[in-house]
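*Asks:* Just one file: upload_4.txt, with compact mmCIF, C-alpha atoms and all ligand atoms.
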```txt
# COMPACT_ATOMS: atom_id res chain seq x y z
CA MET A 1 38.06 42.62 -1.66
CA GLU A 2 39.15 44.57 -4.75
CA PHE A 3 36.96 43.65 -7.73
CA LEU A 4 39.36 44.82 -10.41
CA SER A 5 43.11 44.43 -10.74
CA GLU A 6 45.26 47.47 -9.99
CA ALA A 7 46.26 47.57 -13.66
CA ILE A 8 42.64 47.73 -14.87
CA GLU A 9 41.80 50.35 -12.21
CA GLY A 10 44.79 52.42 -13.36
CA TYR A 11 43.93 52.05 -17.04
CA SER A 12 40.32 53.00 -16.37
CA GLN A 13 41.42 56.10 -14.42
CA ALA A 14 43.92 57.07 -17.10
CA HIS A 15 41.16 56.97 -19.73
CA THR A 16 38.58 58.90 -17.70
CA SER A 17 38.28 62.70 -17.70
CA PRO A 18 40.52 64.04 -14.93
CA GLU A 19 39.27 65.42 -11.64
CA SER A 20 39.05 69.21 -11.44
CA THR A 21 41.87 70.91 -9.51
CA LEU A 22 39.50 71.41 -6.57
CA LEU A 23 38.36 67.76 -6.50
CA ALA A 24 41.96 66.55 -6.74
CA LEU A 25 42.87 68.81 -3.79
CA LEU A 26 39.86 67.60 -1.79
CA ASN A 27 40.83 63.98 -2.53
CA ARG A 28 44.43 64.61 -1.38
CA GLU A 29 43.48 66.63 1.73
CA THR A 30 40.90 64.05 2.78
CA HIS A 31 43.53 61.31 2.54
CA ALA A 32 46.04 63.44 4.45
CA LYS A 33 43.83 64.84 7.19
CA VAL A 34 40.59 62.90 7.65
CA LEU A 35 39.86 59.47 9.12
CA GLN A 36 38.54 56.74 6.81
CA PRO A 37 39.41 58.35 3.45
CA ARG A 38 38.21 55.19 1.69
CA MET A 39 34.69 56.56 2.21
CA LEU A 40 35.29 59.22 -0.45
CA SER A 41 33.76 58.30 -3.84
CA GLY A 42 36.99 59.01 -5.74
CA HIS A 43 37.93 59.83 -9.30
CA VAL A 44 36.12 57.27 -11.50
CA GLN A 45 32.95 56.94 -9.41
CA GLY A 46 32.91 60.72 -9.04
CA ARG A 47 32.97 61.12 -12.82
CA LEU A 48 30.07 58.66 -13.10
CA LEU A 49 28.00 60.67 -10.58
CA ALA A 50 28.87 63.86 -12.47
CA LEU A 51 27.85 62.19 -15.73
CA PHE A 52 24.45 61.19 -14.30
CA SER A 53 23.95 64.73 -13.10
CA THR A 54 25.06 66.28 -16.40
CA MET A 55 22.77 63.97 -18.39
CA MET A 56 19.79 64.51 -16.11
CA ARG A 57 20.16 68.26 -15.49
CA PRO A 58 18.45 67.92 -12.08
CA ARG A 59 16.72 70.78 -10.30
CA ARG A 60 16.78 69.05 -6.95
CA VAL A 61 19.38 66.56 -5.72
CA LEU A 62 19.45 64.94 -2.29
CA GLU A 63 22.59 63.37 -0.88
CA ILE A 64 22.52 61.32 2.33
CA GLY A 65 26.08 61.16 3.68
CA THR A 66 28.25 64.16 2.74
CA TYR A 67 31.54 63.13 4.44
CA THR A 68 34.08 65.63 2.99
CA GLY A 69 31.88 66.67 0.07
CA TYR A 70 33.54 64.91 -2.88
CA SER A 71 30.39 63.25 -4.26
CA ALA A 72 28.30 66.37 -3.51
CA LEU A 73 30.59 68.47 -5.71
CA CYS A 74 30.35 65.85 -8.49
CA LEU A 75 26.55 65.63 -8.24
CA ALA A 76 26.29 69.43 -8.33
CA GLU A 77 27.95 69.62 -11.75
CA GLY A 78 24.74 69.17 -13.78
CA LEU A 79 22.35 71.23 -11.64
CA THR A 80 20.10 73.62 -13.53
CA GLU A 81 20.62 77.37 -13.15
CA ASP A 82 18.07 77.44 -10.32
CA GLY A 83 19.09 73.99 -9.05
CA LEU A 84 19.86 73.00 -5.48
CA LEU A 85 21.62 70.05 -3.88
CA ILE A 86 20.74 69.25 -0.29
CA THR A 87 23.42 67.17 1.39
CA ILE A 88 23.08 65.79 4.91
CA ASP A 89 25.68 64.52 7.35
CA VAL A 90 25.40 63.82 11.04
CA ASN A 91 29.12 64.39 11.69
CA GLU A 92 29.61 68.00 12.75
CA GLU A 93 33.37 67.52 13.18
CA LEU A 94 33.84 67.59 9.39
CA GLU A 95 31.72 70.70 8.87
CA ASP A 96 34.46 73.35 8.62
CA PHE A 97 36.68 71.20 6.40
CA THR A 98 33.82 70.28 4.07
CA ARG A 99 32.24 73.73 3.94
CA SER A 100 35.59 75.29 3.00
CA PHE A 101 35.61 73.15 -0.17
CA PHE A 102 31.98 73.96 -1.01
CA ASP A 103 32.81 77.66 -0.57
CA LYS A 104 35.75 77.38 -3.01
CA SER A 105 33.59 75.68 -5.66
CA PRO A 106 31.42 77.17 -8.41
CA TYR A 107 28.42 75.51 -6.67
CA LYS A 108 28.77 77.45 -3.41
CA ASN A 109 25.26 78.90 -3.74
CA LYS A 110 23.70 75.69 -4.99
CA ILE A 111 24.69 73.44 -2.09
CA ASP A 112 22.53 73.36 1.01
CA TYR A 113 24.71 71.48 3.53
CA ARG A 114 22.85 70.32 6.63
CA ILE A 115 24.34 68.83 9.77
CA ALA A 116 21.59 66.52 10.95
CA ASN A 117 20.49 62.94 11.33
CA ALA A 118 19.10 62.12 7.88
CA VAL A 119 16.44 59.83 9.37
CA GLU A 120 14.93 62.81 11.17
CA LEU A 121 15.55 65.47 8.52
CA ILE A 122 14.33 63.77 5.33
CA PRO A 123 10.64 63.60 6.37
CA THR A 124 10.69 67.39 6.92
CA LEU A 125 11.97 68.18 3.40
CA PRO A 126 9.14 69.50 1.20
CA ASP A 127 11.01 69.05 -2.11
CA THR A 128 10.56 66.56 -4.94
CA PHE A 129 13.91 65.18 -6.07
CA ASP A 130 15.27 64.30 -9.50
CA LEU A 131 18.32 62.50 -8.16
CA VAL A 132 19.10 60.97 -4.75
CA PHE A 133 22.44 59.54 -3.62
CA ILE A 134 22.29 57.25 -0.56
CA ASP A 135 25.74 56.93 0.99
CA ALA A 136 25.38 56.97 4.80
CA ASP A 137 25.08 54.26 7.49
CA LYS A 138 24.23 50.86 6.00
CA LEU A 139 21.85 50.13 8.88
CA ASN A 140 19.34 52.61 7.48
CA TYR A 141 19.64 52.03 3.70
CA ALA A 142 16.17 50.43 3.43
CA LEU A 143 14.69 53.16 5.60
CA TYR A 144 16.32 55.92 3.50
CA TYR A 145 14.86 54.27 0.39
CA ASP A 146 11.39 54.24 1.98
CA LEU A 147 11.77 57.85 3.10
CA VAL A 148 12.77 59.13 -0.35
CA ILE A 149 10.88 56.98 -2.87
CA ASP A 150 7.69 59.08 -2.78
CA LYS A 151 9.77 62.27 -2.99
CA VAL A 152 11.42 61.16 -6.25
CA ARG A 153 9.62 62.18 -9.43
CA PRO A 154 8.81 59.57 -12.11
CA GLY A 155 11.93 59.44 -14.29
CA GLY A 156 14.06 60.34 -11.29
CA VAL A 157 16.94 58.18 -10.09
CA ILE A 158 18.11 56.84 -6.71
CA ILE A 159 21.73 55.69 -6.49
CA ALA A 160 23.02 53.81 -3.42
CA ASP A 161 26.73 53.25 -2.78
CA ASN A 162 28.63 50.27 -1.32
CA VAL A 163 25.97 47.70 -2.15
CA LEU A 164 28.59 44.98 -2.78
CA TRP A 165 30.17 45.75 0.61
CA SER A 166 33.68 44.64 -0.39
CA GLY A 167 32.23 41.38 -1.73
CA LYS A 168 30.66 40.37 1.58
CA VAL A 169 27.22 40.11 -0.07
CA VAL A 170 28.38 36.91 -1.77
CA GLN A 171 30.51 35.45 1.03
CA THR A 172 29.05 32.10 1.97
CA ASP A 173 31.87 30.84 4.19
CA LYS A 174 31.54 33.38 7.02
CA LYS A 175 28.85 34.46 9.47
CA ILE A 176 26.87 37.33 7.93
CA ASP A 177 27.36 40.52 9.97
CA LYS A 178 24.65 43.11 10.50
CA ASP A 179 25.71 45.61 7.84
CA THR A 180 26.04 42.85 5.25
CA GLN A 181 22.55 41.55 6.10
CA ASN A 182 21.17 45.08 5.82
CA LEU A 183 22.71 45.47 2.37
CA LEU A 184 21.44 42.04 1.26
CA ASP A 185 17.94 43.07 2.37
CA PHE A 186 18.27 46.47 0.69
CA ASN A 187 19.42 45.03 -2.64
CA GLN A 188 16.56 42.51 -2.64
CA LYS A 189 14.05 45.17 -1.67
CA VAL A 190 15.03 47.47 -4.56
CA HIS A 191 15.20 44.55 -6.98
CA ASN A 192 11.66 43.44 -6.00
CA ASP A 193 10.16 46.94 -6.11
CA PRO A 194 7.84 47.29 -9.14
CA ARG A 195 8.02 51.08 -8.85
CA VAL A 196 11.60 51.07 -10.17
CA SER A 197 13.82 49.53 -12.85
CA ASN A 198 17.19 48.74 -11.31
CA LEU A 199 20.79 47.99 -12.17
CA LEU A 200 23.44 46.81 -9.74
CA LEU A 201 26.58 48.27 -11.27
CA PRO A 202 29.78 46.61 -10.01
CA ILE A 203 31.88 49.80 -10.06
CA ARG A 204 34.17 50.40 -7.04
CA ASP A 205 32.16 48.97 -4.08
CA GLY A 206 28.94 48.60 -6.10
CA LEU A 207 26.24 51.10 -6.99
CA MET A 208 22.54 50.22 -6.94
CA ILE A 209 20.83 52.41 -9.52
CA ALA A 210 17.04 52.61 -9.37
CA TYR A 211 15.07 54.49 -12.03
CA LYS A 212 11.59 55.45 -10.89
CA ASN A 213 9.10 54.26 -13.51
C1 LIG B 1 30.62 56.88 3.03
S1 LIG B 1 30.56 58.44 3.82
C2 LIG B 1 29.95 59.48 2.54
C3 LIG B 1 30.96 59.68 1.42
C4 LIG B 1 30.60 60.75 0.41
N1 LIG B 1 29.24 60.58 -0.10
C5 LIG B 1 31.56 60.69 -0.74
O1 LIG B 1 31.33 59.92 -1.66
O2 LIG B 1 32.58 61.39 -0.71
C6 LIG B 1 29.21 58.24 4.91
C7 LIG B 1 28.81 59.46 5.72
O3 LIG B 1 27.50 59.23 6.24
C8 LIG B 1 27.40 59.93 7.45
N2 LIG B 1 26.25 59.41 8.23
C9 LIG B 1 26.17 58.25 8.91
N3 LIG B 1 24.97 58.11 9.50
C10 LIG B 1 24.26 59.22 9.17
C11 LIG B 1 22.95 59.68 9.47
N4 LIG B 1 22.11 58.97 10.23
N5 LIG B 1 22.55 60.88 8.97
C12 LIG B 1 23.39 61.62 8.18
N6 LIG B 1 24.64 61.23 7.88
C13 LIG B 1 25.07 60.05 8.35
C14 LIG B 1 28.75 59.73 8.12
O4 LIG B 1 28.99 60.73 9.08
C15 LIG B 1 29.70 59.78 6.92
O5 LIG B 1 30.30 61.05 6.77
```
Please lay out the structure from this file as structure tokens.
*Replies:*
Amino acid sequence: MEFLSEAIEGYSQAHTSPESTLLALLNRETHAKVLQPRMLSGHVQGRLLALFSTMMRPRRVLEIGTYTGYSALCLAEGLTEDGLLITIDVNEELEDFTRSFFDKSPYKNKIDYRIANAVELIPTLPDTFDLVFIDADKLNYALYYDLVIDKVRPGGVIIADNVLWSGKVVQTDKKIDKDTQNLLDFNQKVHNDPRVSNLLLPIRDGLMIAYKN
């Protein structure tokens, strides 16, 4: 389900700061060469992630689900001089493609790209994070939230992608599949959590934004 008309999407894109040359190339190459290009955050959502990062000036960012690196490059834009973004993906087949874009970017030395299962890696990370982006398998969204919440500083932000799941979270006429149920549970869990103030932003496929009180 598309939430906005093509015309509104186009107008919104046309009145949003353009992608950098590198991000536009990554967007094109992902669509041309990689399976499931819809997974990439894209222009408008990418600018929102970059805006969060620029406003927050984070020292530590964690991304769960790198894919081809589009959102990582956006989230890296506001990092402090000594800042670092750790991004994790379990899919080693995309490593060369993705790393080549990180290497071409101004954030080459600020991105720590790990090929690993995030469920296993996150508990081993000693850092405290200012900003976390959850964008991997929907099965583990609630677990990722539990694994990161104590690692996020007060005033830090957790953003989770795809929380409207193409509108399936409000479908009442069909059997609820597993991923949809996981996202329903995740959204309720964040909404009920007194440790955070949250906003479900209906941009693209839905972003859950949780500010740690
Ligand atoms: C939606 S894509 C990420 C898109 C990317 N954040 C962007 O906006 O361009 C989801 C990614 O999560 C990865 N993934 C799935 N399960 C994972 C896990 N257990 N640990 C780490 N990465 C995982 C997949 O390999 C896939 O590349």
*Asks:* As an MDAnalysis selection string, please: every protein or nucleic acid residue near ligand LIG 1 (chain B) (cut-off 8 Å, counting only C-alpha atoms and all ligand atoms).
*Replies:* chainID A and resid 38:42 46 63:72 88:91 94 115:119 133:137 140 161
*Asks:* Just checking: using all atoms listed in the file, which residue out of A:Glu9, A:Tyr145, A:His43, A:Leu49 ends up closest to Ala24 (chain A)?
*Replies:*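 The shortest atom-to-atom distance to Ala24 (chain A) comes from A:His43.
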*Asks:* Identify the residues within 6 Å of coordinate (22.0, 57.4, -7.3) (same frame as the file), considering all atoms listed in the file, and give the answer as a list in words.
*Replies:* Val132, Phe133, Val157, Ile158, Ile159, Ala160 and Ile209 of chain A
*Asks:* Find the residue from A:Phe52, A:Phe97, A:Tyr11, A:Phe102 that sits nearest to Leu23 (chain A); use all atoms listed in the file when measuring.
*Replies:* A:Phe102
*Asks:* CA of Phe186 (chain A) to CA of Val169 (chain A): how many Å, to one decimal?
*Replies:*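 About the pair CA of Phe186 (chain A) and CA of Val169 (chain A): they are 11.0 Å apart.
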*Asks:* Which of these residues is nearest to Gly167 (chain A), using all atoms listed in the file: A:Asp96, A:Asp185, A:Asp130, A:Asp205?
*Replies:*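 Closest residue, counting all atoms listed in the file: A:Asp205.
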